Amino acid sequence: TSTLWLKADSGVVQLNNLVSDWNDVTGNKFKAYQTNNLNRPTFISNSINGKPGIRFGTSLYMLCSNVFPVNSDYTLTVVIKSLNTSNSNIVGGNNRTLWMAGSNHAQVIHNGDFTNQLVSSKDIGIDPSIITVQYYSATQIGIIRVNGVFIDSSFCPRNNDSTIYLSTYTSAG
């Protein structure tokens, strides 16, 4: 199994608080990167609970090593603090994303199928939250947990997209 593990207190390459590279903490060669200075997210040294964070926003995103699981089980965990509901995409791909859909409700799309999304009924508000998505390919069932608490589960078609983008869907920004 491939793991991409990014922590804002480790592996961040930045100049003038703009992040160009974000290296995986496990020592493998996976990373997030942004070559265009205008699309680089901001490094915040004192973000959630005094810890560093990376602030994404409109047109601020990163490309990643293409290691998202295809047609298999996966677990995706993110720590997010949404400053407003326009911060839609959290971890995306070319036709898959964990996003907020203009709200504070986590949602998962596979294969660009907006009809069969996994949708959380919990509004996470603007407080820091841990969102975990577990997906079981054999049953095509996804589960959303917020801060370790089961929220919802439902059908979601299998994922066929290995690309990873942070804070965008289809690298559109």
# chains A, B, ... in the order shown; residues from 1 in each chain; ligands from 1
>>> residues_around(residues="A:Arg145", least_positions_apart="2", cutoff="6 Å", atoms="only C-alpha atoms", output="PyMOL selection string")
chain A and resi 131-132+148-151
>>> residues_around(residues="A:Ile144", least_positions_apart="4", cutoff="12 Å", atoms="only C-alpha atoms", output="PyMOL selection string")
chain A and resi 75-78+98+105-108+117-122+130-136+148-156
>>> residues_around(residues="A:Arg55", least_positions_apart="3", cutoff="7 Å", atoms="only C-alpha atoms", output="list in words")
Pro41, Thr42, Phe43 and Ile44 of chain A
>>> write_last_selection(atoms="C-alpha atoms", output="mmCIF file, in the first residue's frame")
data_model
loop_
_atom_site.group_PDB
_atom_site.id
_atom_site.type_symbol
_atom_site.label_atom_id
_atom_site.label_comp_id
_atom_site.auth_asym_id
_atom_site.auth_seq_id
_atom_site.Cartn_x
_atom_site.Cartn_y
_atom_site.Cartn_z
ATOM 1 C CA PRO A 41 -0.662 28.021 -0.670
ATOM 2 C CA THR A 42 0.522 29.972 2.372
ATOM 3 C CA PHE A 43 2.526 28.523 5.246
ATOM 4 C CA ILE A 44 1.040 29.639 8.582
#
>>> closest_residue(among="A:Asn46, A:Asn111, A:Ser65, A:Asn16", to="A:Ala32", atoms="only C-alpha atoms")
A:Ser65
>>> residues_around(residues="A:Leu18", least_positions_apart="5", cutoff="12 Å", atoms="only C-alpha atoms", output="list of chain:residue names")
A:Val12, A:Val13, A:Tyr33, A:Gln34, A:Thr35, A:Asn36, A:Asn37, A:Leu38, A:Asn39, A:Arg40, A:Pro41, A:Thr42, A:Phe43, A:Ile44, A:Ser45, A:Gly53, A:Ile54, A:Arg55, A:Phe56, A:Leu60, A:Tyr61, A:Met62
>>> select_by_dssp(residues="chain A", states="helix (DSSP H, G or I)", output="list in words")
Asn37, Leu38, Asn39, Ile48, Asn49, Gly50, Phe114, Thr115 and Asn116 of chain A
>>> residues_around(residues="stretch 162-170 of chain A", least_positions_apart="4", cutoff="7 Å", atoms="only C-alpha atoms", output="PyMOL selection string")
chain A and resi 56+61-70+89-95+97
>>> write_last_selection(atoms="N, CA, C and O atoms", output="short mmCIF file (atom, residue, chain, number, x, y, z; two decimals), in the first residue's frame")
data_model
loop_
_atom_site.label_atom_id
_atom_site.label_comp_id
_atom_site.auth_asym_id
_atom_site.auth_seq_id
_atom_site.Cartn_x
_atom_site.Cartn_y
_atom_site.Cartn_z
N PHE A 56 -4.90 27.04 2.13
CA PHE A 56 -5.29 27.00 0.73
C PHE A 56 -6.41 28.01 0.52
O PHE A 56 -7.01 28.48 1.47
N TYR A 61 -3.47 25.73 -4.74
CA TYR A 61 -3.58 24.28 -4.67
C TYR A 61 -2.22 23.64 -4.92
O TYR A 61 -1.27 24.31 -5.32
N MET A 62 -2.16 22.33 -4.65
CA MET A 62 -0.91 21.60 -4.89
C MET A 62 -1.22 20.30 -5.63
O MET A 62 -2.26 19.68 -5.43
N LEU A 63 -0.30 19.91 -6.48
CA LEU A 63 -0.34 18.63 -7.17
C LEU A 63 0.44 17.65 -6.32
O LEU A 63 1.32 18.05 -5.56
N CYS A 64 0.13 16.37 -6.43
CA CYS A 64 0.80 15.36 -5.60
C CYS A 64 1.23 14.17 -6.43
O CYS A 64 0.79 13.99 -7.56
N SER A 65 2.04 13.34 -5.81
CA SER A 65 2.38 12.06 -6.42
C SER A 65 1.09 11.27 -6.63
O SER A 65 0.20 11.31 -5.79
N ASN A 66 0.99 10.58 -7.76
CA ASN A 66 -0.23 9.84 -8.10
C ASN A 66 -0.25 8.48 -7.42
O ASN A 66 0.10 7.47 -8.02
N VAL A 67 -0.70 8.46 -6.16
CA VAL A 67 -0.71 7.22 -5.40
C VAL A 67 -2.06 6.93 -4.74
O VAL A 67 -2.15 6.07 -3.87
N PHE A 68 -3.12 7.63 -5.17
CA PHE A 68 -4.43 7.36 -4.57
C PHE A 68 -4.89 5.97 -4.99
O PHE A 68 -4.78 5.61 -6.16
N PRO A 69 -5.42 5.16 -4.06
CA PRO A 69 -5.83 3.78 -4.38
C PRO A 69 -6.92 3.72 -5.46
O PRO A 69 -7.89 4.48 -5.40
N VAL A 70 -6.75 2.82 -6.40
CA VAL A 70 -7.70 2.62 -7.49
C VAL A 70 -8.35 1.25 -7.32
O VAL A 70 -7.66 0.25 -7.11
N ASN A 89 -13.01 22.06 -2.29
CA ASN A 89 -12.25 20.83 -2.48
C ASN A 89 -11.13 20.71 -1.47
O ASN A 89 -10.38 21.65 -1.24
N ILE A 90 -11.03 19.52 -0.89
CA ILE A 90 -10.00 19.28 0.12
C ILE A 90 -8.91 18.40 -0.48
O ILE A 90 -7.76 18.81 -0.59
N VAL A 91 -9.25 17.18 -0.87
CA VAL A 91 -8.33 16.27 -1.55
C VAL A 91 -9.05 15.75 -2.78
O VAL A 91 -10.06 15.05 -2.66
N GLY A 92 -8.58 16.12 -3.96
CA GLY A 92 -9.27 15.76 -5.19
C GLY A 92 -8.39 14.97 -6.14
O GLY A 92 -7.28 14.56 -5.80
N GLY A 93 -8.92 14.82 -7.32
CA GLY A 93 -8.23 14.14 -8.41
C GLY A 93 -8.86 14.61 -9.71
O GLY A 93 -9.52 15.65 -9.75
N ASN A 94 -8.71 13.82 -10.79
CA ASN A 94 -9.30 14.20 -12.07
C ASN A 94 -10.81 13.95 -12.11
O ASN A 94 -11.52 14.61 -12.85
N ASN A 95 -11.29 12.98 -11.33
CA ASN A 95 -12.75 12.73 -11.30
C ASN A 95 -13.20 12.23 -9.93
O ASN A 95 -14.22 11.58 -9.80
N THR A 97 -13.15 13.49 -5.52
CA THR A 97 -12.78 14.51 -4.54
C THR A 97 -13.48 14.31 -3.21
O THR A 97 -14.58 13.76 -3.15
#
>>> atom_distance(atom1="atom CA of A:Ser2", atom2="atom CA of A:Asn23")
14.3 Å
>>> select_by_dssp(residues="stretch 40-79 of chain A", states="strand (DSSP E)", output="number ranges by chain")
A: 42-44, 53-55, 62-64, 74-79
>>> write_last_selection(atoms="C-alpha atoms", output="short mmCIF file (atom, residue, chain, number, x, y, z; two decimals), in the first residue's frame")
data_model
loop_
_atom_site.label_atom_id
_atom_site.label_comp_id
_atom_site.auth_asym_id
_atom_site.auth_seq_id
_atom_site.Cartn_x
_atom_site.Cartn_y
_atom_site.Cartn_z
CA THR A 42 0.52 29.97 2.37
CA PHE A 43 2.53 28.52 5.25
CA ILE A 44 1.04 29.64 8.58
CA GLY A 53 -0.66 24.81 8.94
CA ILE A 54 -0.98 25.30 5.21
CA ARG A 55 -3.69 27.74 4.06
CA MET A 62 -0.91 21.60 -4.89
CA LEU A 63 -0.34 18.63 -7.17
CA CYS A 64 0.80 15.36 -5.60
CA TYR A 74 -8.70 3.21 1.28
CA THR A 75 -8.72 5.47 4.31
CA LEU A 76 -8.31 9.22 3.95
CA THR A 77 -7.86 11.42 7.02
CA VAL A 78 -7.52 15.20 6.98
CA VAL A 79 -7.46 17.91 9.60
#
>>> closest_residue(among="A:Met100, A:Val146, A:Val25, A:Leu15", to="A:Thr3", atoms="only C-alpha atoms")
A:Val25
>>> atom_distance(atom1="atom CA of A:Thr115", atom2="atom CA of A:Ile143")
16.8 Å
>>> residues_around(residues="A:Gly27", least_positions_apart="3", cutoff="10 Å", atoms="only C-alpha atoms", output="list in words")
Trp5, Gly11, Asn23, Asp24, Phe30 and Lys31 of chain A
>>> write_last_selection(atoms="N, CA, C and O atoms", output="PDB file, in the first residue's frame")
ATOM      1  N   TRP A   5       1.688  10.935   3.538  1.00  0.00           N
ATOM      2  CA  TRP A   5       1.467  11.490   4.862  1.00  0.00           C
ATOM      3  C   TRP A   5       2.147  12.846   4.917  1.00  0.00           C
ATOM      4  O   TRP A   5       3.365  12.955   4.919  1.00  0.00           O
ATOM      5  N   GLY A  11       8.805  18.764   6.445  1.00  0.00           N
ATOM      6  CA  GLY A  11       8.920  18.569   5.005  1.00  0.00           C
ATOM      7  C   GLY A  11       8.396  19.702   4.143  1.00  0.00           C
ATOM      8  O   GLY A  11       8.246  19.538   2.942  1.00  0.00           O
ATOM      9  N   ASN A  23       6.964  17.581   1.441  1.00  0.00           N
ATOM     10  CA  ASN A  23       7.458  16.210   1.357  1.00  0.00           C
ATOM     11  C   ASN A  23       6.791  15.297   2.376  1.00  0.00           C
ATOM     12  O   ASN A  23       6.557  15.680   3.519  1.00  0.00           O
ATOM     13  N   ASP A  24       6.522  14.088   1.956  1.00  0.00           N
ATOM     14  CA  ASP A  24       5.940  13.053   2.811  1.00  0.00           C
ATOM     15  C   ASP A  24       6.869  12.784   3.987  1.00  0.00           C
ATOM     16  O   ASP A  24       8.078  12.689   3.821  1.00  0.00           O
ATOM     17  N   PHE A  30       7.212  10.432  -2.152  1.00  0.00           N
ATOM     18  CA  PHE A  30       5.957  11.094  -2.466  1.00  0.00           C
ATOM     19  C   PHE A  30       5.980  12.518  -1.937  1.00  0.00           C
ATOM     20  O   PHE A  30       6.597  12.805  -0.917  1.00  0.00           O
ATOM     21  N   LYS A  31       5.279  13.416  -2.629  1.00  0.00           N
ATOM     22  CA  LYS A  31       5.219  14.792  -2.167  1.00  0.00           C
ATOM     23  C   LYS A  31       4.083  15.539  -2.848  1.00  0.00           C
ATOM     24  O   LYS A  31       3.507  15.081  -3.828  1.00  0.00           O
TER      25      LYS A  31
END
>>> closest_residue(among="A:Ser88, A:Asn104, A:Asn159, A:Asp113", to="A:Thr58", atoms="only C-alpha atoms")
A:Ser88
>>> closest_residue(among="A:Asn71, A:Asn160, A:Asp123, A:Ser171", to="A:Thr139", atoms="only C-alpha atoms")
A:Asn71
